[in-house]
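Worksheet: one structure, shown below.
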Amino acid sequence: MLFPVASIFIVLLLIILGISKFKLHPSLVLFLAALILGFLLQIPIEQNIFIIFKGLFGIVKNLGLLIIFGIIIGVLLEKSGGTHSLARGILKYLKRIPLPYAISLIGYLVSIPVFCDAAFVILSNLNKTLSKQGKIPITGLTVALSTGLFAPHVLVPPTPGPLAAAYNLKLDNLFLLVVFGSFFAFILVLIGATYANFLIKKKGVNSNDIIFAKHETRNTPSFGQAILPIIAPIFLLSFGPISNFTSNNQVIIQIANMVSHPVFALGIGMTFSFHLIKKNRKKTIIYSFKESFKKAVPILLITGMGGGLGKVIQSIPFQDYFTNLSFNNSFGLLIPFLIAAFLKTAQGSSTVAIITSSSICLPLLPLIGLETELGKVWIIMAIGVGSMTVSHLNDSYFWIVSQMSMIDTKTAIKTHTVGTFIQGLIGFTILFVCYSVWLYL
């Protein structure tokens with residue numbers, strides 16, 4: 001048993017060195033890691049390559065359209081000005097609450113369809129404008145936005161990390177992950193906003209005193225139009241589970257299961273996003289499709305190669321090794337959290353940390369009593385919060401946050417990095433307490 005575990009540890013170190021030290025593309029690193037792990041486990045090379053590509057094509061088949069649809073929604077929101085409509089709408093409806101909380105909630109909403117790094121680039125100018133208008137320290141607003149964007153990115157589909165974790169852990173009920181992941185991400189967002197508000201108050205500034213500027217709204221979608229591509233898939237995903245509990249009519253159940261299928265639900269959301277474009281609709285939609293496919297290819301490569309590595313890891317008969325061992329179920333979430341936190345902190349990529357951690361955790365599910373659908377959701381949330389602990393110098397998101405906000409590296413470490421550490425630590429504490437209560441109910 002010790003040799004397979006040591007082999008995984010060696011491969012994890014190679015992943016960390018390949019990404020953070022030698023700056024190799026994560027998909028190449030994951031492919032090489034899968035090959036090396038197969039060699040260490042004495043799997044014949046032909047069989048190992050078959051296993052790797054089986055995992056890759058499994059990911060592409062199950063997640064490809066979801067990732068592409070999610071990216072298209074995000075690109076169309078960006079090109080149409082829908083992200084700014086969402087931001088303006090939230091600032092308008094939440095103007096009575098402290099500004100950092102409003103900014104974090106903007107991040108929470110925008111990050112579900114738009115990747116956190118791209119979303120930060122899009123919204124950073126809004127942050128600068130609000131900082132200048134209200135004479136509010138940019139560091140506080142930066143932390144509010146960066147932490148608000150980060151939490152949904154690691155917890156809520158259709159971002160690739162949570163989707164890949166659901167696939168690796170063989171989670172069938174994606175709606176459960178959307179509901180619980182969204183709720184837990186909201187808690188993490190409030191934690192980040194509270195820390196951001198503390199940074200602003202530390203400077204002796206009242207963020208409620210800001211006077212909101214008027215923004216140009218011509219040719220941009222309304223708040224309702226901009227939010228529809230986000231909430232429509234969530235609404236449709238709920239149809240299947242609700243109908244299974246409330247109806248005995250098989251026709252209704254079949255229809256509900258069809259419309260609640262993740263591909264159908266996100267496809268409807270994508271359709272709604274087409275109507276966000278007011279000018280040059282055909283040209284803009286074609287351009288958005290091209291941009292989306294360009295963005296989707298490297299993401300699918302990373303998640304696919306992660307799936308290949310996961311397949312190789314899954315060939316290890318952990319169940320046989322651990323048959324005579326007993327685990328304390330109350331500490332079951334600590335294992336995935338620590339694995340993800342170690343990988344995130346060491347090599348920088350949250351997506352790689354999520355994919356690798358979920359692959360390692362699959363054979364451990366029965367041993368810690370979390371092989372049920374809800375149990376898998378607990379594991380994914382623990383991995384998600386671990387994968388944001390912490391964002392620092394080896395994380396591309398760290399540099400986007402610092403450079404777009406024009407704050408120096410030392411300040412970014414003291415604010416953004418500390419903010420993600422606080423989010424991760426307090427977030428896991430809350431998750432662990434809730435999990436412990438759930439165990440004894």
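Residues in the structure tokens are named by chain (A, B, ... in the order shown) and by number from 1 within that chain; ligands are numbered from 1 in the order shown.
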Inset, instruction - Could you please write out, as a PyMOL selection string, every residue of region 9-63 of chain A that DSSP assigns to alpha helix (DSSP H)? - result: chain A and resi 9-16+26-40+45-63
Legend entry - 7 Å contact set for region 84-96 of chain A, only C-alpha atoms, chain neighbours under 2 positions out, as a count of residues only: 10
Legend entry - Distance query Lys311 (chain A) at most 8 Å, only C-alpha atoms, self and fewer than 4 positions along chain excluded, as a PyMOL selection string: chain A and resi 51-52+54-55+307+315+359
Each residue of region 116-228 of chain A lying at most 10 Å from region 430-439 of chain A should get a row with its shortest atom-to-atom pair and the distance in Å to one decimal, counting only C-alpha atoms; could you produce that, ordered by chain and increasing number, as a tab-separated table?
```
residue	atom	partner	partner_atom	distance
A:Phe184	CA	A:Leu431	CA	8.1
A:Ile187	CA	A:Ile430	CA	9.0
A:Leu188	CA	A:Ile430	CA	9.6
```
Residues within 9 Å of Met404 (chain A), only C-alpha atoms, excluding chain neighbours under 6 positions, as an mmCIF file with N, CA and C atoms, in the first residue's frame:
```
data_model
loop_
_atom_site.group_PDB
_atom_site.id
_atom_site.type_symbol
_atom_site.label_atom_id
_atom_site.label_comp_id
_atom_site.auth_asym_id
_atom_site.auth_seq_id
_atom_site.Cartn_x
_atom_site.Cartn_y
_atom_site.Cartn_z
ATOM 1 N N PHE A 120 -12.671 39.695 -13.325
ATOM 2 C CA PHE A 120 -11.974 40.759 -12.597
ATOM 3 C C PHE A 120 -11.477 41.827 -13.565
ATOM 4 N N VAL A 121 -10.963 41.391 -14.724
ATOM 5 C CA VAL A 121 -10.517 42.345 -15.739
ATOM 6 C C VAL A 121 -11.677 43.234 -16.176
ATOM 7 N N SER A 124 -12.791 45.584 -13.075
ATOM 8 C CA SER A 124 -11.783 46.356 -12.339
ATOM 9 C C SER A 124 -11.959 47.862 -12.531
ATOM 10 N N ASN A 125 -12.393 48.279 -13.729
ATOM 11 C CA ASN A 125 -12.602 49.710 -13.966
ATOM 12 C C ASN A 125 -13.734 50.256 -13.110
#
```
Legend entry - Residues near Gly419 (chain A), cut-off 12 Å, only C-alpha atoms, skip fewer than 4 positions along chain, as a VMD selection string: chain A and resid 139 to 148 150 to 151 188 to 199 388 to 392 398 411 to 415 423 to 427
Non-local contacts of Leu155 (chain A) (10 Å; only C-alpha atoms; under 5 positions in same chain excluded) as a PDB file with C-alpha atoms, in the first residue's frame:
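Result file is out28.pdb:
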```
ATOM      1  CA  ILE A 112     -21.028  31.924 -12.105  1.00  0.00           C
ATOM      2  CA  PHE A 150     -13.251  33.476  -6.349  1.00  0.00           C
ATOM      3  CA  PRO A 160     -14.790  23.618 -15.029  1.00  0.00           C
ATOM      4  CA  GLY A 161     -13.405  22.815 -11.566  1.00  0.00           C
ATOM      5  CA  PRO A 162     -16.692  21.882  -9.865  1.00  0.00           C
ATOM      6  CA  LEU A 163     -17.921  20.150 -13.040  1.00  0.00           C
ATOM      7  CA  ALA A 165     -14.988  17.197  -9.528  1.00  0.00           C
ATOM      8  CA  LEU A 177     -24.102  20.709  -6.163  1.00  0.00           C
ATOM      9  CA  VAL A 178     -25.570  23.875  -7.709  1.00  0.00           C
ATOM     10  CA  PHE A 180     -25.387  23.641  -1.902  1.00  0.00           C
ATOM     11  CA  GLY A 181     -22.380  25.057  -3.774  1.00  0.00           C
ATOM     12  CA  SER A 182     -24.202  28.352  -4.419  1.00  0.00           C
ATOM     13  CA  PHE A 183     -25.279  28.631  -0.783  1.00  0.00           C
ATOM     14  CA  PHE A 184     -21.819  27.851   0.585  1.00  0.00           C
ATOM     15  CA  ALA A 185     -20.164  30.184  -1.958  1.00  0.00           C
ATOM     16  CA  ILE A 354      -9.794  20.437  -7.684  1.00  0.00           C
ATOM     17  CA  VAL A 377     -21.390  17.198  -2.508  1.00  0.00           C
ATOM     18  CA  ILE A 380     -16.672  18.719  -3.462  1.00  0.00           C
ATOM     19  CA  MET A 381     -17.360  21.693  -1.188  1.00  0.00           C
ATOM     20  CA  ALA A 382     -14.387  20.729   1.029  1.00  0.00           C
ATOM     21  CA  ILE A 383     -12.186  20.431  -2.066  1.00  0.00           C
ATOM     22  CA  GLY A 384     -13.511  23.739  -3.407  1.00  0.00           C
ATOM     23  CA  VAL A 385     -12.745  25.707  -0.262  1.00  0.00           C
ATOM     24  CA  SER A 387      -8.590  25.006  -3.674  1.00  0.00           C
ATOM     25  CA  MET A 388      -8.864  28.703  -2.809  1.00  0.00           C
TER      26      MET A 388
END
```
Legend entry - Which residue of A:Phe331, A:Phe53, A:Tyr397, A:Phe175 approaches Gly348 (chain A) most closely, using only C-alpha atoms: A:Tyr397
Inset, instruction - For CA of Leu41 (chain A) and CA of Phe3 (chain A), quote the distance in Å rounded to one decimal. - result: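 Separation between CA of Leu41 (chain A) and CA of Phe3 (chain A): 8.4 Å.
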Legend entry - Shell around region 61-63 of chain A at 10 Å using only C-alpha atoms, local window under 3 positions removed, as a ChimeraX atom specification: /A:55-58,66-68,158,160,163-164,166-167,262-263,300,303-304
Write to file, as a PDB file, in the first residue's frame, the residues of the selection just made, with C-alpha atoms.
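Here's the written file selection-v8.pdb:
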```pdb
ATOM      1  CA  GLY A  55     -10.418   9.542 -18.901  1.00  0.00           C
ATOM      2  CA  LEU A  56      -9.806  12.460 -21.287  1.00  0.00           C
ATOM      3  CA  PHE A  57     -12.605  11.541 -23.696  1.00  0.00           C
ATOM      4  CA  GLY A  58     -14.911  10.800 -20.777  1.00  0.00           C
ATOM      5  CA  LEU A  66     -21.401  22.409 -20.509  1.00  0.00           C
ATOM      6  CA  ILE A  67     -18.064  24.220 -20.512  1.00  0.00           C
ATOM      7  CA  ILE A  68     -18.594  25.637 -24.005  1.00  0.00           C
ATOM      8  CA  PRO A 158     -20.686  25.555 -14.902  1.00  0.00           C
ATOM      9  CA  PRO A 160     -14.790  23.618 -15.029  1.00  0.00           C
ATOM     10  CA  LEU A 163     -17.921  20.150 -13.040  1.00  0.00           C
ATOM     11  CA  ALA A 164     -14.751  18.039 -13.239  1.00  0.00           C
ATOM     12  CA  ALA A 166     -18.601  16.062 -10.008  1.00  0.00           C
ATOM     13  CA  TYR A 167     -17.506  13.850 -12.902  1.00  0.00           C
ATOM     14  CA  PRO A 262     -27.514  20.185 -17.455  1.00  0.00           C
ATOM     15  CA  VAL A 263     -26.830  20.418 -21.217  1.00  0.00           C
ATOM     16  CA  LEU A 300     -10.997  21.075 -21.957  1.00  0.00           C
ATOM     17  CA  THR A 303      -9.804  19.067 -17.366  1.00  0.00           C
ATOM     18  CA  GLY A 304      -9.425  16.189 -19.815  1.00  0.00           C
TER      19      GLY A 304
END
```
Inset, instruction - Would you mind telling me which residue in A:Leu149, A:Ile10, A:Ile422, A:Leu30 lies nearest to Ala353 (chain A) when using only C-alpha atoms? - result: A:Leu30
Legend entry - CA of Val5 (chain A) to CA of Leu362 (chain A), straight-line distance in Å: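 Pair CA of Leu362 (chain A) / CA of Val5 (chain A) returns 14.2 Å.
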